[in-house]
$ cat final.pdb   # PDB, C-alpha atoms
ATOM      1  CA  MET A   1      88.945-158.844 -59.749  1.00  0.00           C
ATOM      2  CA  LYS A   2      91.325-159.086 -62.677  1.00  0.00           C
ATOM      3  CA  SER A   3      90.154-158.410 -66.179  1.00  0.00           C
ATOM      4  CA  VAL A   4      90.808-160.982 -68.874  1.00  0.00           C
ATOM      5  CA  CYS A   5      93.149-159.679 -71.544  1.00  0.00           C
ATOM      6  CA  CYS A   6      92.771-160.936 -75.067  1.00  0.00           C
ATOM      7  CA  GLU A   7      95.529-160.680 -77.587  1.00  0.00           C
ATOM      8  CA  VAL A   8      94.912-161.362 -81.254  1.00  0.00           C
ATOM      9  CA  GLN A   9      97.930-162.845 -82.995  1.00  0.00           C
ATOM     10  CA  LYS A  10      97.739-164.269 -86.528  1.00  0.00           C
ATOM     11  CA  GLY A  11      94.029-165.017 -86.297  1.00  0.00           C
ATOM     12  CA  TYR A  12      94.149-166.821 -82.937  1.00  0.00           C
ATOM     13  CA  VAL A  13      92.594-165.452 -79.772  1.00  0.00           C
ATOM     14  CA  LEU A  14      94.799-165.998 -76.756  1.00  0.00           C
ATOM     15  CA  VAL A  15      93.260-165.812 -73.315  1.00  0.00           C
ATOM     16  CA  ASP A  16      96.259-166.559 -71.151  1.00  0.00           C
ATOM     17  CA  ALA A  17      96.549-163.544 -68.841  1.00  0.00           C
ATOM     18  CA  VAL A  18      94.583-165.107 -65.999  1.00  0.00           C
ATOM     19  CA  ARG A  19      96.252-168.501 -66.399  1.00  0.00           C
ATOM     20  CA  ALA A  20      99.754-167.003 -66.480  1.00  0.00           C
ATOM     21  CA  SER A  21      99.210-164.724 -63.487  1.00  0.00           C
ATOM     22  CA  SER A  22      97.614-167.544 -61.482  1.00  0.00           C
ATOM     23  CA  ALA A  23     100.463-169.948 -62.250  1.00  0.00           C
ATOM     24  CA  ALA A  24     103.106-167.355 -61.394  1.00  0.00           C
ATOM     25  CA  ALA A  25     101.413-166.455 -58.122  1.00  0.00           C
ATOM     26  CA  HIS A  26     101.141-170.056 -56.979  1.00  0.00           C
ATOM     27  CA  GLY A  27     104.547-171.180 -58.243  1.00  0.00           C
ATOM     28  CA  HIS A  28     103.143-173.699 -60.725  1.00  0.00           C
ATOM     29  CA  GLU A  29     105.015-174.923 -63.732  1.00  0.00           C
ATOM     30  CA  HIS A  30     104.459-173.540 -67.190  1.00  0.00           C
ATOM     31  CA  HIS A  31     101.202-174.582 -68.852  1.00  0.00           C
ATOM     32  CA  PRO A  32     101.065-174.432 -72.633  1.00  0.00           C
ATOM     33  CA  SER A  33      99.032-171.628 -74.120  1.00  0.00           C
ATOM     34  CA  GLN A  34      96.003-172.298 -76.291  1.00  0.00           C
ATOM     35  CA  LEU A  35      98.045-171.491 -79.382  1.00  0.00           C
ATOM     36  CA  GLU A  36     100.751-173.976 -78.368  1.00  0.00           C
ATOM     37  CA  VAL A  37      98.154-176.670 -77.769  1.00  0.00           C
ATOM     38  CA  LEU A  38      96.513-175.976 -81.143  1.00  0.00           C
ATOM     39  CA  ARG A  39      99.819-176.108 -82.984  1.00  0.00           C
ATOM     40  CA  GLU A  40     100.886-179.276 -81.167  1.00  0.00           C
ATOM     41  CA  ASN A  41      97.629-181.030 -82.099  1.00  0.00           C
ATOM     42  CA  HIS A  42      97.630-179.658 -85.661  1.00  0.00           C
ATOM     43  CA  ALA A  43      94.247-178.054 -85.085  1.00  0.00           C
ATOM     44  CA  THR A  44      94.785-174.694 -86.752  1.00  0.00           C
ATOM     45  CA  LEU A  45      93.563-173.404 -90.089  1.00  0.00           C
ATOM     46  CA  ASN A  46      97.127-173.673 -91.368  1.00  0.00           C
ATOM     47  CA  ASP A  47      96.892-177.477 -91.013  1.00  0.00           C
ATOM     48  CA  ILE A  48      93.849-177.900 -93.264  1.00  0.00           C
ATOM     49  CA  PRO A  49      94.690-179.798 -96.469  1.00  0.00           C
ATOM     50  CA  VAL A  50      94.814-177.734 -99.632  1.00  0.00           C
ATOM     51  CA  ALA A  51      93.086-179.009-102.756  1.00  0.00           C
ATOM     52  CA  GLU A  52      95.420-180.078-105.548  1.00  0.00           C
ATOM     53  CA  GLY A  53      94.928-181.072-109.151  1.00  0.00           C
ATOM     54  CA  SER A  54      91.959-180.704-111.425  1.00  0.00           C
ATOM     55  CA  TRP A  55      88.534-181.112-109.886  1.00  0.00           C
ATOM     56  CA  GLN A  56      87.212-182.219-113.286  1.00  0.00           C
ATOM     57  CA  GLU A  57      89.557-185.243-113.424  1.00  0.00           C
ATOM     58  CA  ASN A  58      88.552-186.311-109.930  1.00  0.00           C
ATOM     59  CA  TYR A  59      84.865-185.809-110.773  1.00  0.00           C
ATOM     60  CA  ASN A  60      85.198-187.879-113.949  1.00  0.00           C
ATOM     61  CA  LYS A  61      86.906-190.742-112.068  1.00  0.00           C
ATOM     62  CA  ARG A  62      84.213-190.837-109.377  1.00  0.00           C
ATOM     63  CA  ASN A  63      81.435-190.536-111.957  1.00  0.00           C
ATOM     64  CA  ALA A  64      82.864-193.441-113.980  1.00  0.00           C
ATOM     65  CA  LYS A  65      82.976-195.565-110.813  1.00  0.00           C
ATOM     66  CA  TRP A  66      79.361-194.696-109.963  1.00  0.00           C
ATOM     67  CA  ASN A  67      78.242-195.472-113.517  1.00  0.00           C
ATOM     68  CA  LYS A  68      79.899-198.903-113.303  1.00  0.00           C
ATOM     69  CA  MET A  69      78.150-199.557-109.994  1.00  0.00           C
ATOM     70  CA  LEU A  70      74.823-198.497-111.503  1.00  0.00           C
ATOM     71  CA  ALA A  71      75.306-200.784-114.516  1.00  0.00           C
ATOM     72  CA  ALA A  72      76.282-203.708-112.279  1.00  0.00           C
ATOM     73  CA  SER A  73      73.226-203.183-110.066  1.00  0.00           C
ATOM     74  CA  VAL A  74      70.940-203.109-113.127  1.00  0.00           C
ATOM     75  CA  VAL A  75      72.466-206.384-114.353  1.00  0.00           C
ATOM     76  CA  VAL A  76      72.072-208.030-110.935  1.00  0.00           C
ATOM     77  CA  PHE A  77      68.491-206.795-110.602  1.00  0.00           C
ATOM     78  CA  THR A  78      67.593-208.028-114.094  1.00  0.00           C
ATOM     79  CA  GLY A  79      69.200-211.412-113.415  1.00  0.00           C
ATOM     80  CA  SER A  80      67.381-211.736-110.099  1.00  0.00           C
ATOM     81  CA  LEU A  81      64.073-210.796-111.687  1.00  0.00           C
ATOM     82  CA  TYR A  82      64.630-213.334-114.474  1.00  0.00           C
ATOM     83  CA  ALA A  83      65.529-216.059-111.969  1.00  0.00           C
ATOM     84  CA  VAL A  84      62.486-215.375-109.803  1.00  0.00           C
ATOM     85  CA  CYS A  85      60.132-215.299-112.789  1.00  0.00           C
ATOM     86  CA  THR A  86      61.649-218.492-114.210  1.00  0.00           C
ATOM     87  CA  VAL A  87      61.265-220.354-110.931  1.00  0.00           C
ATOM     88  CA  TYR A  88      57.755-218.996-110.338  1.00  0.00           C
ATOM     89  CA  TYR A  89      56.464-219.799-113.819  1.00  0.00           C
ATOM     90  CA  SER A  90      58.141-223.203-113.923  1.00  0.00           C
ATOM     91  CA  PHE A  91      56.455-223.981-110.589  1.00  0.00           C
ATOM     92  CA  GLU A  92      53.116-222.782-111.993  1.00  0.00           C
ATOM     93  CA  LEU A  93      53.586-224.934-115.094  1.00  0.00           C
ATOM     94  CA  LEU A  94      54.422-227.918-112.894  1.00  0.00           C
ATOM     95  CA  LEU A  95      51.189-227.411-110.936  1.00  0.00           C
ATOM     96  CA  ILE A  96      49.194-227.096-114.150  1.00  0.00           C
ATOM     97  CA  PHE A  97      50.692-230.326-115.517  1.00  0.00           C
ATOM     98  CA  GLN A  98      49.944-232.094-112.232  1.00  0.00           C
ATOM     99  CA  ARG A  99      46.308-230.964-112.395  1.00  0.00           C
ATOM    100  CA  ILE A 100      46.035-232.144-115.989  1.00  0.00           C
ATOM    101  CA  SER A 101      47.551-235.521-115.182  1.00  0.00           C
ATOM    102  CA  VAL A 102      45.307-235.930-112.136  1.00  0.00           C
ATOM    103  CA  SER A 103      42.237-235.018-114.174  1.00  0.00           C
ATOM    104  CA  PHE A 104      43.172-237.601-116.843  1.00  0.00           C
ATOM    105  CA  SER A 105      43.823-240.317-114.285  1.00  0.00           C
ATOM    106  CA  VAL A 106      40.477-239.706-112.531  1.00  0.00           C
ATOM    107  CA  GLN A 107      38.480-240.154-115.724  1.00  0.00           C
TER     108      GLN A 107
END
$ encode --input "final.pdb" --output "structure tokens"
Amino acid sequence: MKSVCCEVQKGYVLVDAVRASSAAAHGHEHHPSQLEVLRENHATLNDIPVAEGSWQENYNKRNAKWNKMLAASVVVFTGSLYAVCTVYYSFELLLIFQRISVSFSVQ
């Protein structure tokens, strides 16, 4: 039984000894190594985006946006509450006036 050889190269672990010996013994075509596949798919640590600019500026922009959303939601909530209360109380007043008019017409 063959042992699996690992080679560490620039932070990547390559386990290709078994694959390479198997392909050579059976006359198969070349299969890409794990490192080649990672580089082709841009899946290495070298492909991670690097932060740029001031974090404080970005934080201030996002915070201003969230504050505007909060203010808008307070305005919408207050307007909705006012509309509901206005409709409810106007309906209550209408019922009260109807009761008063019915009571005067009965007498």
$ atom_distance --input "final.pdb" --atom1 "atom CA of A:Trp55" --atom2 "atom CA of A:Met69"
21.2 Å
$ atom_distance --input "final.pdb" --atom1 "atom CA of A:His31" --atom2 "atom CA of A:Ala43"
18.0 Å
$ atom_distance --input "final.pdb" --atom1 "atom CA of A:Lys68" --atom2 "atom CA of A:Val84"
24.2 Å
$ build_atoms --input "final.pdb" --residues "stretch 57-76 of chain A" --atoms "N, CA and C atoms" --output "compact mmCIF listing (two decimals), keeping the file's coordinate frame"
# COMPACT_ATOMS: atom_id res chain seq x y z
N GLU A 57 89.02 -183.88 -113.33
CA GLU A 57 89.56 -185.24 -113.42
C GLU A 57 89.04 -186.11 -112.28
N ASN A 58 89.05 -185.57 -111.08
CA ASN A 58 88.55 -186.31 -109.93
C ASN A 58 87.06 -186.60 -110.09
N TYR A 59 86.30 -185.63 -110.55
CA TYR A 59 84.86 -185.81 -110.77
C TYR A 59 84.61 -186.90 -111.81
N ASN A 60 85.37 -186.88 -112.89
CA ASN A 60 85.20 -187.88 -113.95
C ASN A 60 85.51 -189.29 -113.45
N LYS A 61 86.56 -189.43 -112.63
CA LYS A 61 86.91 -190.74 -112.07
C LYS A 61 85.78 -191.27 -111.18
N ARG A 62 85.29 -190.41 -110.27
CA ARG A 62 84.21 -190.84 -109.38
C ARG A 62 82.94 -191.13 -110.16
N ASN A 63 82.64 -190.33 -111.16
CA ASN A 63 81.44 -190.54 -111.96
C ASN A 63 81.52 -191.84 -112.74
N ALA A 64 82.70 -192.17 -113.27
CA ALA A 64 82.86 -193.44 -113.98
C ALA A 64 82.65 -194.62 -113.03
N LYS A 65 83.16 -194.51 -111.81
CA LYS A 65 82.98 -195.56 -110.81
C LYS A 65 81.49 -195.73 -110.48
N TRP A 66 80.79 -194.62 -110.28
CA TRP A 66 79.36 -194.70 -109.96
C TRP A 66 78.56 -195.27 -111.13
N ASN A 67 78.95 -194.93 -112.36
CA ASN A 67 78.24 -195.47 -113.52
C ASN A 67 78.44 -196.98 -113.62
N LYS A 68 79.65 -197.46 -113.30
CA LYS A 68 79.90 -198.90 -113.30
C LYS A 68 79.05 -199.59 -112.23
N MET A 69 78.97 -198.98 -111.06
CA MET A 69 78.15 -199.56 -109.99
C MET A 69 76.68 -199.59 -110.39
N LEU A 70 76.20 -198.54 -111.05
CA LEU A 70 74.82 -198.50 -111.50
C LEU A 70 74.56 -199.59 -112.53
N ALA A 71 75.47 -199.75 -113.50
CA ALA A 71 75.31 -200.78 -114.52
C ALA A 71 75.32 -202.18 -113.88
N ALA A 72 76.22 -202.40 -112.94
CA ALA A 72 76.28 -203.71 -112.28
C ALA A 72 75.00 -203.98 -111.50
N SER A 73 74.46 -202.97 -110.83
CA SER A 73 73.23 -203.18 -110.07
C SER A 73 72.05 -203.45 -110.98
N VAL A 74 72.01 -202.83 -112.16
CA VAL A 74 70.94 -203.11 -113.13
C VAL A 74 71.05 -204.55 -113.62
N VAL A 75 72.27 -205.00 -113.89
CA VAL A 75 72.47 -206.38 -114.35
C VAL A 75 72.04 -207.37 -113.27
N VAL A 76 72.44 -207.13 -112.03
CA VAL A 76 72.07 -208.03 -110.94
C VAL A 76 70.57 -208.03 -110.72
